[in-house]
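Structure data (mmCIF, N, CA and C atoms) from input31.cif:
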data_target
#
loop_
_atom_site.label_atom_id
_atom_site.label_comp_id
_atom_site.auth_asym_id
_atom_site.auth_seq_id
_atom_site.Cartn_x
_atom_site.Cartn_y
_atom_site.Cartn_z
N MET E 1 0.85 -1.17 0.00
CA MET E 1 0.00 0.00 0.00
C MET E 1 0.90 1.24 0.00
N THR E 2 0.60 2.15 -0.88
CA THR E 2 1.40 3.38 -0.96
C THR E 2 0.84 4.40 0.03
N GLU E 3 1.62 5.44 0.25
CA GLU E 3 1.20 6.49 1.16
C GLU E 3 -0.06 7.20 0.62
N ARG E 4 -0.12 7.36 -0.68
CA ARG E 4 -1.28 8.02 -1.30
C ARG E 4 -2.55 7.19 -1.08
N GLN E 5 -2.44 5.87 -1.24
CA GLN E 5 -3.60 5.01 -1.01
C GLN E 5 -4.03 5.05 0.45
N ALA E 6 -3.06 5.06 1.35
CA ALA E 6 -3.37 5.12 2.78
C ALA E 6 -4.08 6.42 3.12
N GLU E 7 -3.64 7.53 2.53
CA GLU E 7 -4.29 8.82 2.78
C GLU E 7 -5.73 8.81 2.26
N LYS E 8 -5.95 8.21 1.09
CA LYS E 8 -7.31 8.13 0.54
C LYS E 8 -8.22 7.33 1.46
N ILE E 9 -7.73 6.20 1.94
CA ILE E 9 -8.52 5.35 2.83
C ILE E 9 -8.80 6.08 4.14
N ALA E 10 -7.78 6.73 4.68
CA ALA E 10 -7.97 7.49 5.93
C ALA E 10 -9.00 8.60 5.73
N ASN E 11 -8.95 9.29 4.61
CA ASN E 11 -9.92 10.35 4.34
C ASN E 11 -11.33 9.79 4.24
N LEU E 12 -11.49 8.63 3.62
CA LEU E 12 -12.81 8.00 3.52
C LEU E 12 -13.33 7.60 4.90
N VAL E 13 -12.46 7.05 5.73
CA VAL E 13 -12.88 6.63 7.08
C VAL E 13 -13.28 7.84 7.91
N ILE E 14 -12.49 8.90 7.85
CA ILE E 14 -12.82 10.12 8.61
C ILE E 14 -14.12 10.73 8.09
N GLY E 15 -14.29 10.75 6.78
CA GLY E 15 -15.53 11.28 6.21
C GLY E 15 -16.75 10.48 6.63
N ALA E 16 -16.63 9.16 6.60
CA ALA E 16 -17.75 8.30 7.03
C ALA E 16 -18.07 8.53 8.50
N ALA E 17 -17.04 8.67 9.33
CA ALA E 17 -17.26 8.92 10.75
C ALA E 17 -17.95 10.27 10.96
N ALA E 18 -17.55 11.28 10.21
CA ALA E 18 -18.16 12.61 10.33
C ALA E 18 -19.63 12.57 9.91
N ILE E 19 -19.92 11.89 8.82
CA ILE E 19 -21.31 11.77 8.36
C ILE E 19 -22.14 11.00 9.39
N GLY E 20 -21.59 9.93 9.93
CA GLY E 20 -22.30 9.16 10.95
C GLY E 20 -22.57 9.99 12.20
N ALA E 21 -21.59 10.77 12.63
CA ALA E 21 -21.78 11.61 13.81
C ALA E 21 -22.83 12.69 13.53
N ALA E 22 -22.81 13.26 12.34
CA ALA E 22 -23.79 14.29 11.99
C ALA E 22 -25.20 13.71 12.00
N ILE E 23 -25.36 12.52 11.46
CA ILE E 23 -26.69 11.88 11.45
C ILE E 23 -27.15 11.59 12.88
N TYR E 24 -26.24 11.11 13.71
CA TYR E 24 -26.58 10.81 15.10
C TYR E 24 -27.00 12.08 15.84
N VAL E 25 -26.27 13.17 15.64
CA VAL E 25 -26.60 14.43 16.30
C VAL E 25 -27.93 14.97 15.80
N LEU E 26 -28.17 14.89 14.50
CA LEU E 26 -29.41 15.42 13.94
C LEU E 26 -30.63 14.63 14.40
N ARG E 27 -30.47 13.37 14.74
CA ARG E 27 -31.60 12.54 15.18
C ARG E 27 -31.87 12.66 16.68
N SER E 28 -30.94 13.23 17.43
CA SER E 28 -31.10 13.37 18.87
C SER E 28 -31.41 14.83 19.21
N PRO E 29 -32.62 15.12 19.71
CA PRO E 29 -32.99 16.51 19.99
C PRO E 29 -32.06 17.21 20.99
N ALA E 30 -31.65 16.51 22.04
CA ALA E 30 -30.78 17.14 23.04
C ALA E 30 -29.42 17.48 22.44
N LEU E 31 -28.86 16.55 21.68
CA LEU E 31 -27.56 16.83 21.05
C LEU E 31 -27.69 17.91 19.99
N ARG E 32 -28.78 17.88 19.24
CA ARG E 32 -28.99 18.89 18.20
C ARG E 32 -29.06 20.28 18.84
N GLN E 33 -29.77 20.40 19.96
CA GLN E 33 -29.88 21.68 20.65
C GLN E 33 -28.52 22.12 21.20
N ALA E 34 -27.73 21.19 21.73
CA ALA E 34 -26.41 21.53 22.25
C ALA E 34 -25.47 22.00 21.13
N VAL E 35 -25.54 21.34 19.99
CA VAL E 35 -24.68 21.72 18.86
C VAL E 35 -25.07 23.09 18.34
N TRP E 36 -26.37 23.37 18.21
CA TRP E 36 -26.79 24.69 17.74
C TRP E 36 -26.39 25.77 18.73
N GLY E 37 -26.47 25.47 20.02
CA GLY E 37 -26.03 26.44 21.04
C GLY E 37 -24.55 26.73 20.94
N ALA E 38 -23.75 25.69 20.73
CA ALA E 38 -22.30 25.88 20.59
C ALA E 38 -21.98 26.65 19.31
N ALA E 39 -22.70 26.36 18.23
CA ALA E 39 -22.48 27.08 16.98
C ALA E 39 -22.85 28.55 17.14
N ARG E 40 -23.94 28.82 17.82
CA ARG E 40 -24.36 30.20 18.05
C ARG E 40 -23.32 30.95 18.89
N ASN E 41 -22.82 30.31 19.94
CA ASN E 41 -21.79 30.95 20.77
C ASN E 41 -20.52 31.21 19.98
N THR E 42 -20.16 30.31 19.11
CA THR E 42 -18.97 30.50 18.28
C THR E 42 -19.16 31.69 17.36
N LEU E 43 -20.32 31.80 16.75
CA LEU E 43 -20.57 32.92 15.85
C LEU E 43 -20.62 34.24 16.60
N ILE E 44 -21.22 34.23 17.80
CA ILE E 44 -21.35 35.46 18.56
C ILE E 44 -20.00 35.93 19.10
N ALA E 45 -19.16 35.02 19.56
CA ALA E 45 -17.89 35.42 20.18
C ALA E 45 -16.69 35.23 19.26
N GLY E 46 -16.63 34.13 18.56
CA GLY E 46 -15.44 33.80 17.79
C GLY E 46 -15.24 34.61 16.53
N VAL E 47 -16.30 34.81 15.78
CA VAL E 47 -16.18 35.53 14.51
C VAL E 47 -15.78 36.99 14.73
N PRO E 48 -16.39 37.73 15.65
CA PRO E 48 -15.93 39.10 15.87
C PRO E 48 -14.48 39.17 16.34
N ALA E 49 -14.07 38.25 17.20
CA ALA E 49 -12.68 38.25 17.66
C ALA E 49 -11.72 37.98 16.51
N TRP E 50 -12.09 37.07 15.62
CA TRP E 50 -11.25 36.79 14.45
C TRP E 50 -11.18 38.01 13.54
N LEU E 51 -12.31 38.68 13.33
CA LEU E 51 -12.32 39.87 12.49
C LEU E 51 -11.44 40.97 13.07
N VAL E 52 -11.47 41.16 14.39
CA VAL E 52 -10.61 42.17 15.03
C VAL E 52 -9.15 41.81 14.83
N ALA E 53 -8.79 40.54 15.04
CA ALA E 53 -7.40 40.12 14.87
C ALA E 53 -6.93 40.32 13.43
N GLU E 54 -7.77 39.96 12.47
CA GLU E 54 -7.39 40.13 11.06
C GLU E 54 -7.27 41.60 10.70
N THR E 55 -8.15 42.44 11.24
CA THR E 55 -8.07 43.88 10.97
C THR E 55 -6.78 44.46 11.53
N ARG E 56 -6.43 44.09 12.77
CA ARG E 56 -5.19 44.57 13.37
C ARG E 56 -3.98 44.09 12.58
N ASN E 57 -4.00 42.86 12.14
CA ASN E 57 -2.90 42.32 11.36
C ASN E 57 -2.76 43.08 10.04
N GLY E 58 -3.87 43.29 9.36
CA GLY E 58 -3.83 44.03 8.10
C GLY E 58 -3.35 45.45 8.29
N TRP E 59 -3.78 46.09 9.37
CA TRP E 59 -3.35 47.45 9.66
C TRP E 59 -1.84 47.50 9.91
N ALA E 60 -1.34 46.53 10.69
CA ALA E 60 0.09 46.49 11.00
C ALA E 60 0.91 46.26 9.74
N VAL E 61 0.51 45.34 8.90
CA VAL E 61 1.25 45.03 7.67
C VAL E 61 1.20 46.23 6.73
N ALA E 62 0.07 46.90 6.64
CA ALA E 62 -0.06 48.05 5.75
C ALA E 62 0.82 49.22 6.20
N HIS E 63 1.17 49.26 7.48
CA HIS E 63 1.99 50.35 8.00
C HIS E 63 3.43 49.91 8.27
N GLY E 64 3.91 48.93 7.52
CA GLY E 64 5.31 48.54 7.57
C GLY E 64 5.71 47.69 8.75
N ARG E 65 4.78 46.98 9.33
CA ARG E 65 5.12 46.07 10.43
C ARG E 65 4.63 44.68 10.06
N ASP E 66 5.27 43.67 10.65
CA ASP E 66 4.78 42.32 10.39
C ASP E 66 3.58 42.06 11.29
N SER E 67 3.07 40.85 11.26
CA SER E 67 1.85 40.54 11.99
C SER E 67 2.03 40.59 13.51
N HIS E 68 3.29 40.65 13.98
CA HIS E 68 3.55 40.70 15.42
C HIS E 68 3.85 42.11 15.89
N GLY E 69 3.76 43.10 15.00
CA GLY E 69 3.99 44.48 15.38
C GLY E 69 5.44 44.92 15.28
N TRP E 70 6.30 44.11 14.69
CA TRP E 70 7.71 44.44 14.57
C TRP E 70 7.94 45.22 13.29
N ALA E 71 8.69 46.31 13.37
CA ALA E 71 9.00 47.10 12.18
C ALA E 71 9.99 46.34 11.32
N GLU E 72 9.88 46.50 10.00
CA GLU E 72 10.79 45.84 9.09
C GLU E 72 11.81 46.86 8.58
N GLY E 73 13.09 46.56 8.80
CA GLY E 73 14.15 47.45 8.35
C GLY E 73 15.03 46.78 7.32
N ALA E 74 16.13 47.44 7.00
CA ALA E 74 17.05 46.91 6.00
C ALA E 74 17.70 45.61 6.46
N ASN E 75 17.86 45.44 7.75
CA ASN E 75 18.49 44.24 8.29
C ASN E 75 17.45 43.20 8.75
N GLY E 76 16.25 43.33 8.23
CA GLY E 76 15.20 42.40 8.62
C GLY E 76 14.38 42.98 9.74
N PRO E 77 13.45 42.21 10.29
CA PRO E 77 12.57 42.71 11.34
C PRO E 77 13.36 43.05 12.61
N HIS E 78 12.98 44.11 13.29
CA HIS E 78 13.56 44.45 14.57
C HIS E 78 12.47 44.97 15.47
N GLN E 79 12.73 44.92 16.77
CA GLN E 79 11.72 45.30 17.73
C GLN E 79 11.48 46.81 17.66
N PRO E 80 10.21 47.24 17.69
CA PRO E 80 9.92 48.66 17.61
C PRO E 80 10.33 49.39 18.88
N ALA E 81 10.68 50.64 18.74
CA ALA E 81 10.99 51.45 19.91
C ALA E 81 9.70 51.83 20.62
N ILE E 82 9.69 51.67 21.92
CA ILE E 82 8.48 51.97 22.69
C ILE E 82 8.69 53.20 23.52
#
Before anything else, please render the file you have as structure tokens.
Amino acid sequence: MTERQAEKIANLVIGAAAIGAAIYVLRSPALRQAVWGAARNTLIAGVPAWLVAETRNGWAVAHGRDSHGWAEGANGPHQPAI
């Protein structure tokens, strides 16, 4: 068995497990309600936090800094003066 064949089989097994879990959750009202609650919490808290982080990163890069806030000079990134 080659590595490529093993990856295909592993992907099929993981996909089948995901489909089976989704069907099980959709058929159980308590689990379905818990999953929708978790999805709602993720959208309410996670998406805005991700958008803020991406905005800050884009702002820093647009103003000559890398994603960590370090200025980029001729000798590569260096710590900004505070």
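The coordinates place atom N of E:Ile19 at 17.0 Å from atom CA of E:Glu7.
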To one decimal place in Å, what is the distance between atom C of E:Val25 and atom N of E:Gly37?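 So the answer is 11.4 Å.
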I'd like the interatomic distance between atom C of E:Gly20 and atom CA of E:Arg32, to a tenth of an Å.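 Atom CA of E:Arg32 lies at a distance of 12.5 Å from atom C of E:Gly20.
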Hey, what does DSSP flag as alpha helix (DSSP H) within stretch 8-66 of chain E? Can you give it to me as a PyMOL selection string? chain E and resi 8-27+29-41+47-62
